[in-house]
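Asks: Here you go, one structure.
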Amino acid sequence: MVKKAISVTLRPENLLWLRGQTHASSRRSVSETLDELISEARAGGRGRPGAIKSVVGSIRIRASDPGLTQADGAIRGLFSASAAARRPRRRGAAQPRVRRD
Amino acid sequence: MTEAAVTDTHPLLFHAANSRRLGRRAAEVFDAAERQAAIIYVPAAVIWECGLLAWTGRVDLRRPLPQFFADLFSNPAYQPVDLTPEQIYQADSARPNRDPFDALICAAARHLDLALLTRDDDIRRSGLVRVIW
(Lines give C-alpha, C1' and ligand atoms only; values in the text may rest on other atoms or scores of the structure.)
Protein backbone atom coordinates (compact mmCIF):
# COMPACT_ATOMS: atom_id res chain seq x y z
CA MET A 1 0.00 0.00 0.00
CA VAL A 2 1.27 3.46 -0.90
CA LYS A 3 1.81 5.69 2.10
CA LYS A 4 1.87 9.47 2.06
CA ALA A 5 4.38 11.63 3.88
CA ILE A 6 2.96 14.34 6.10
CA SER A 7 4.37 16.52 8.83
CA VAL A 8 2.80 16.14 12.27
CA THR A 9 3.31 18.13 15.45
CA LEU A 10 3.19 16.27 18.75
CA ARG A 11 3.58 17.20 22.38
CA PRO A 12 7.00 16.10 23.73
CA GLU A 13 5.48 13.56 26.13
CA ASN A 14 3.43 12.02 23.30
CA LEU A 15 6.43 11.83 21.03
CA LEU A 16 8.43 10.16 23.81
CA TRP A 17 5.61 7.65 24.35
CA LEU A 18 5.41 6.99 20.61
CA ARG A 19 9.15 6.34 20.42
CA GLY A 20 8.87 4.01 23.39
CA GLN A 21 6.03 2.11 21.72
CA THR A 22 8.03 1.84 18.52
CA HIS A 23 11.01 0.43 20.34
CA ALA A 24 8.95 -1.96 22.48
CA SER A 25 7.02 -3.34 19.52
CA SER A 26 10.09 -3.71 17.30
CA ARG A 27 8.47 -1.58 14.63
CA ARG A 28 10.80 0.06 12.19
CA SER A 29 9.70 3.67 12.69
CA VAL A 30 7.55 6.11 14.60
CA SER A 31 5.53 6.53 11.41
CA GLU A 32 4.74 2.81 11.35
CA THR A 33 3.61 2.91 14.99
CA LEU A 34 1.45 5.97 14.36
CA ASP A 35 -0.11 4.31 11.32
CA GLU A 36 -0.89 1.18 13.35
CA LEU A 37 -2.40 3.25 16.17
CA ILE A 38 -4.68 5.03 13.71
CA SER A 39 -5.73 1.71 12.16
CA GLU A 40 -6.59 0.39 15.60
CA ALA A 41 -8.50 3.56 16.49
CA ARG A 42 -10.51 3.27 13.27
CA ALA A 43 -11.35 -0.29 14.14
CA GLY A 44 -12.61 0.84 17.54
CA GLY A 45 -9.98 -1.10 19.45
CA ARG A 46 -10.77 -4.33 17.65
CA GLY A 47 -7.33 -4.70 16.16
CA ARG A 48 -6.39 -4.35 12.55
CA PRO A 49 -9.34 -3.25 10.41
CA GLY A 50 -10.34 -5.48 7.53
CA ALA A 51 -10.74 -4.54 3.91
CA ILE A 52 -12.91 -1.60 2.96
CA LYS A 53 -16.42 -2.73 2.06
CA SER A 54 -18.80 -0.59 0.06
CA VAL A 55 -22.43 -0.68 1.17
CA VAL A 56 -23.68 0.51 -2.23
CA GLY A 57 -26.44 -1.75 -3.49
CA SER A 58 -26.31 -3.86 -0.33
CA ILE A 59 -29.72 -3.01 1.14
CA ARG A 60 -33.33 -3.01 -0.05
CA ILE A 61 -35.97 -0.35 0.52
CA ARG A 62 -39.56 -1.60 0.81
CA ALA A 63 -41.13 -1.53 -2.65
CA SER A 64 -44.34 0.05 -1.36
CA ASP A 65 -42.44 3.15 -0.21
CA PRO A 66 -39.28 3.46 -2.31
CA GLY A 67 -38.94 7.16 -1.52
CA LEU A 68 -39.19 6.57 2.24
CA THR A 69 -41.91 9.21 2.33
CA GLN A 70 -43.72 7.34 5.11
CA ALA A 71 -40.55 6.61 7.11
CA ASP A 72 -40.77 9.56 9.50
CA GLY A 73 -44.39 8.74 10.23
CA ALA A 74 -43.53 5.09 10.87
CA ILE A 75 -40.90 6.07 13.42
CA ARG A 76 -43.12 8.66 15.07
CA GLY A 77 -45.81 6.00 15.25
CA LEU A 78 -43.50 3.75 17.24
CA PHE A 79 -43.03 6.40 19.88
CA SER A 80 -46.55 7.79 19.99
CA ALA A 81 -47.93 4.29 20.53
CA SER A 82 -45.39 3.74 23.29
CA ALA A 83 -46.09 7.13 24.88
CA ALA A 84 -49.84 6.56 24.82
CA ALA A 85 -49.40 3.25 26.60
CA ARG A 86 -47.25 4.85 29.30
CA ARG A 87 -49.11 8.15 29.64
CA PRO A 88 -50.13 8.64 33.28
CA ARG A 89 -53.85 8.86 33.89
CA ARG A 90 -55.06 12.41 34.47
CA ARG A 91 -56.38 13.29 37.87
CA GLY A 92 -60.12 13.10 37.87
CA ALA A 93 -60.17 10.59 35.05
CA ALA A 94 -62.25 7.53 35.58
CA GLN A 95 -60.43 4.91 37.57
CA PRO A 96 -60.54 1.28 36.57
CA ARG A 97 -63.08 -0.65 38.53
CA VAL A 98 -61.65 -2.89 41.17
CA ARG A 99 -63.64 -5.95 41.85
CA ARG A 100 -64.08 -6.68 45.53
CA ASP A 101 -65.26 -10.10 46.43
CA MET B 1 -16.53 19.87 -4.63
CA THR B 2 -17.76 19.49 -1.05
CA GLU B 3 -15.03 17.90 1.02
CA ALA B 4 -17.12 17.05 4.06
CA ALA B 5 -20.79 16.91 4.97
CA VAL B 6 -23.19 15.32 7.44
CA THR B 7 -25.81 12.90 6.20
CA ASP B 8 -29.46 12.59 7.13
CA THR B 9 -30.93 9.09 7.27
CA HIS B 10 -32.71 8.85 3.91
CA PRO B 11 -29.70 9.89 1.76
CA LEU B 12 -27.57 7.21 3.38
CA LEU B 13 -30.25 4.59 2.78
CA PHE B 14 -30.80 5.73 -0.83
CA HIS B 15 -27.05 5.49 -1.40
CA ALA B 16 -26.83 2.04 0.19
CA ALA B 17 -29.82 0.89 -1.87
CA ASN B 18 -28.28 2.33 -5.03
CA SER B 19 -31.51 4.29 -5.46
CA ARG B 20 -31.96 6.99 -8.06
CA ARG B 21 -33.92 9.04 -5.56
CA LEU B 22 -30.76 10.52 -4.12
CA GLY B 23 -30.43 14.18 -5.12
CA ARG B 24 -27.80 14.94 -7.74
CA ARG B 25 -25.52 17.04 -5.54
CA ALA B 26 -25.87 14.67 -2.60
CA ALA B 27 -25.02 11.77 -4.93
CA GLU B 28 -21.84 13.59 -5.96
CA VAL B 29 -20.76 13.82 -2.33
CA PHE B 30 -21.48 10.12 -1.75
CA ASP B 31 -19.59 9.21 -4.92
CA ALA B 32 -16.63 11.26 -3.69
CA ALA B 33 -16.79 9.47 -0.33
CA GLU B 34 -16.69 6.11 -2.11
CA ARG B 35 -13.49 7.32 -3.79
CA GLN B 36 -12.27 8.58 -0.39
CA ALA B 37 -12.24 12.11 -1.79
CA ALA B 38 -14.79 13.46 0.71
CA ILE B 39 -15.81 12.72 4.29
CA ILE B 40 -19.41 12.00 5.26
CA TYR B 41 -20.25 12.16 8.94
CA VAL B 42 -23.03 9.93 10.26
CA PRO B 43 -24.78 11.24 13.39
CA ALA B 44 -25.71 8.75 16.11
CA ALA B 45 -29.38 9.66 15.51
CA VAL B 46 -29.05 8.46 11.90
CA ILE B 47 -27.70 5.13 13.08
CA TRP B 48 -30.68 4.67 15.37
CA GLU B 49 -33.17 5.75 12.68
CA CYS B 50 -31.70 3.16 10.32
CA GLY B 51 -32.21 0.57 13.04
CA LEU B 52 -35.81 1.62 13.61
CA LEU B 53 -36.59 1.59 9.88
CA ALA B 54 -35.11 -1.88 9.62
CA TRP B 55 -37.12 -2.98 12.65
CA THR B 56 -40.36 -1.70 11.11
CA GLY B 57 -39.55 -3.41 7.82
CA ARG B 58 -39.20 -0.19 5.82
CA VAL B 59 -35.69 -1.21 4.81
CA ASP B 60 -33.92 -4.53 4.69
CA LEU B 61 -30.29 -4.04 5.69
CA ARG B 62 -29.60 -7.72 4.88
CA ARG B 63 -27.42 -8.03 7.97
CA PRO B 64 -27.65 -6.88 11.59
CA LEU B 65 -27.47 -3.13 12.18
CA PRO B 66 -23.96 -3.22 13.73
CA GLN B 67 -22.65 -5.16 10.75
CA PHE B 68 -24.14 -2.69 8.28
CA PHE B 69 -22.37 0.17 10.00
CA ALA B 70 -19.17 -1.83 10.43
CA ASP B 71 -19.19 -2.25 6.65
CA LEU B 72 -19.93 1.45 6.11
CA PHE B 73 -17.26 2.64 8.53
CA SER B 74 -14.68 0.27 7.05
CA ASN B 75 -14.35 3.08 4.52
CA PRO B 76 -12.62 5.88 6.47
CA ALA B 77 -14.54 8.42 4.41
CA TYR B 78 -17.58 7.58 6.55
CA GLN B 79 -17.26 8.52 10.18
CA PRO B 80 -19.73 8.28 13.07
CA VAL B 81 -20.57 11.37 15.10
CA ASP B 82 -21.10 10.64 18.77
CA LEU B 83 -24.07 12.29 20.44
CA THR B 84 -22.85 14.76 23.04
CA PRO B 85 -24.64 16.88 25.66
CA GLU B 86 -23.64 19.94 23.62
CA GLN B 87 -25.56 18.62 20.61
CA ILE B 88 -28.58 17.88 22.78
CA TYR B 89 -28.55 21.47 24.08
CA GLN B 90 -28.39 22.71 20.48
CA ALA B 91 -31.22 20.39 19.45
CA ASP B 92 -33.27 21.61 22.38
CA SER B 93 -32.80 25.26 21.50
CA ALA B 94 -33.23 25.13 17.72
CA ARG B 95 -35.45 22.57 16.00
CA PRO B 96 -36.58 22.53 12.39
CA ASN B 97 -39.86 20.80 13.30
CA ARG B 98 -41.33 18.53 15.97
CA ASP B 99 -39.23 15.53 14.96
CA PRO B 100 -36.56 14.88 17.62
CA PHE B 101 -34.38 12.96 15.18
CA ASP B 102 -34.30 15.91 12.76
CA ALA B 103 -33.33 18.20 15.65
CA LEU B 104 -30.45 15.93 16.66
CA ILE B 105 -29.24 15.50 13.09
CA CYS B 106 -29.27 19.28 12.53
CA ALA B 107 -27.45 19.74 15.82
CA ALA B 108 -24.72 17.34 14.68
CA ALA B 109 -24.28 19.32 11.44
CA ARG B 110 -24.21 22.60 13.34
CA HIS B 111 -21.75 21.18 15.86
CA LEU B 112 -19.38 20.22 13.02
CA ASP B 113 -20.19 23.43 11.11
CA LEU B 114 -20.91 21.40 7.97
CA ALA B 115 -23.69 21.17 5.41
CA LEU B 116 -26.35 18.51 5.79
CA LEU B 117 -27.24 16.08 3.01
CA THR B 118 -31.04 16.01 3.11
CA ARG B 119 -34.15 16.57 1.01
CA ASP B 120 -36.14 17.60 4.10
CA ASP B 121 -38.03 20.83 3.37
CA ASP B 122 -38.53 21.65 7.05
CA ILE B 123 -34.79 21.59 7.59
CA ARG B 124 -34.14 23.62 4.44
CA ARG B 125 -36.73 26.23 5.41
CA SER B 126 -35.49 26.44 9.00
CA GLY B 127 -32.16 27.85 7.84
CA LEU B 128 -30.45 26.07 10.74
CA VAL B 129 -27.96 24.38 8.45
CA ARG B 130 -26.79 24.60 4.87
CA VAL B 131 -28.49 21.88 2.85
CA ILE B 132 -27.10 19.84 -0.02
CA TRP B 133 -29.47 17.80 -2.15
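Chain lettering (A, B, ...) mirrors the order of the C-alpha coordinates, residue numbering begins at 1 for each chain separately, and ligand numbering begins at 1 in order of display.
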Enumerate the residues of chain B with a DSSP assignment of strand (DSSP E), computed from the backbone, and present them as number ranges by chain.

Replies: B: 4-7, 39-43, 59-60, 78-81, 116-117, 131-132

Asks: Keeping only N, CA and C atoms, take the residues you just selected and write them out as an mmCIF file, in the first residue's frame.

Replies:
```cif
data_model
loop_
_atom_site.group_PDB
_atom_site.id
_atom_site.type_symbol
_atom_site.label_atom_id
_atom_site.label_comp_id
_atom_site.auth_asym_id
_atom_site.auth_seq_id
_atom_site.Cartn_x
_atom_site.Cartn_y
_atom_site.Cartn_z
ATOM 1 N N ALA B 4 -16.561 17.725 2.878
ATOM 2 C CA ALA B 4 -17.117 17.053 4.058
ATOM 3 C C ALA B 4 -18.552 17.507 4.251
ATOM 4 N N ALA B 5 -19.389 16.598 4.710
ATOM 5 C CA ALA B 5 -20.791 16.905 4.973
ATOM 6 C C ALA B 5 -21.323 15.895 5.985
ATOM 7 N N VAL B 6 -22.498 16.223 6.507
ATOM 8 C CA VAL B 6 -23.187 15.322 7.441
ATOM 9 C C VAL B 6 -24.375 14.737 6.692
ATOM 10 N N THR B 7 -24.678 13.483 6.912
ATOM 11 C CA THR B 7 -25.810 12.899 6.201
ATOM 12 C C THR B 7 -27.030 12.719 7.103
ATOM 13 N N ILE B 39 -15.440 13.379 3.027
ATOM 14 C CA ILE B 39 -15.811 12.717 4.287
ATOM 15 C C ILE B 39 -17.289 12.949 4.549
ATOM 16 N N ILE B 40 -17.997 11.885 4.875
ATOM 17 C CA ILE B 40 -19.411 12.002 5.255
ATOM 18 C C ILE B 40 -19.541 11.551 6.706
ATOM 19 N N TYR B 41 -20.055 12.459 7.526
ATOM 20 C CA TYR B 41 -20.250 12.164 8.942
ATOM 21 C C TYR B 41 -21.665 11.617 9.156
ATOM 22 N N VAL B 42 -21.750 10.601 9.995
ATOM 23 C CA VAL B 42 -23.030 9.931 10.257
ATOM 24 C C VAL B 42 -23.404 10.132 11.728
ATOM 25 N N PRO B 43 -24.390 10.999 12.002
ATOM 26 C CA PRO B 43 -24.775 11.242 13.393
ATOM 27 C C PRO B 43 -25.346 9.980 14.050
ATOM 28 N N VAL B 59 -36.892 -0.857 5.576
ATOM 29 C CA VAL B 59 -35.689 -1.205 4.809
ATOM 30 C C VAL B 59 -35.193 -2.572 5.275
ATOM 31 N N ASP B 60 -34.530 -3.244 4.365
ATOM 32 C CA ASP B 60 -33.916 -4.529 4.688
ATOM 33 C C ASP B 60 -32.405 -4.346 4.567
ATOM 34 N N TYR B 78 -16.341 7.510 5.764
ATOM 35 C CA TYR B 78 -17.582 7.584 6.549
ATOM 36 C C TYR B 78 -17.205 7.505 8.020
ATOM 37 N N GLN B 79 -17.661 8.490 8.777
ATOM 38 C CA GLN B 79 -17.265 8.517 10.183
ATOM 39 C C GLN B 79 -18.472 8.809 11.072
ATOM 40 N N PRO B 80 -18.618 8.032 12.160
ATOM 41 C CA PRO B 80 -19.733 8.284 13.071
ATOM 42 C C PRO B 80 -19.518 9.556 13.876
ATOM 43 N N VAL B 81 -20.623 10.195 14.227
ATOM 44 C CA VAL B 81 -20.570 11.371 15.102
ATOM 45 C C VAL B 81 -21.265 11.008 16.398
ATOM 46 N N LEU B 116 -25.629 19.759 5.555
ATOM 47 C CA LEU B 116 -26.354 18.505 5.786
ATOM 48 C C LEU B 116 -26.902 17.989 4.459
ATOM 49 N N LEU B 117 -26.650 16.717 4.184
ATOM 50 C CA LEU B 117 -27.236 16.077 3.008
ATOM 51 C C LEU B 117 -28.656 15.667 3.385
ATOM 52 N N VAL B 131 -27.980 23.160 3.340
ATOM 53 C CA VAL B 131 -28.488 21.880 2.851
ATOM 54 C C VAL B 131 -27.902 21.570 1.488
ATOM 55 N N ILE B 132 -27.540 20.319 1.303
ATOM 56 C CA ILE B 132 -27.103 19.840 -0.018
ATOM 57 C C ILE B 132 -28.055 18.742 -0.439
#
```

Asks: Set the cut-off to 8 Å and count only C-alpha atoms: what are the residues of chain A that reach chain B? Output as a list in words.

Replies: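 Only these qualify: Arg42, Ala43, Pro49, Gly50, Ala51, Ile52, Lys53, Ser54, Val55, Val56, Gly57, Ser58, Ile59, Arg60, Ile61, Arg62, Asp65, Gly67, Leu68, Ala71, Ala74, Ile75 and Arg76 of chain A.
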
Asks: Report, in Å to a single decimal, how far apart atom CA of B:Ala38 and atom CA of B:Glu3 are.

Replies: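 About the pair atom CA of B:Glu3 and atom CA of B:Ala38: they are 4.5 Å apart.
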
Asks: For B:Pro96, work out the shell of residues within 10 Å, counting only C-alpha atoms and skipping chain neighbours fewer than 5 positions away, then give it as an MDAnalysis selection string.

Replies: chainID B and resid 91 102:104 106 120:129

Asks: Pick from B:Pro85, B:Asn97, B:Trp133, B:Arg24: nearest to B:His111, with only C-alpha atoms counted?

Replies: B:Pro85
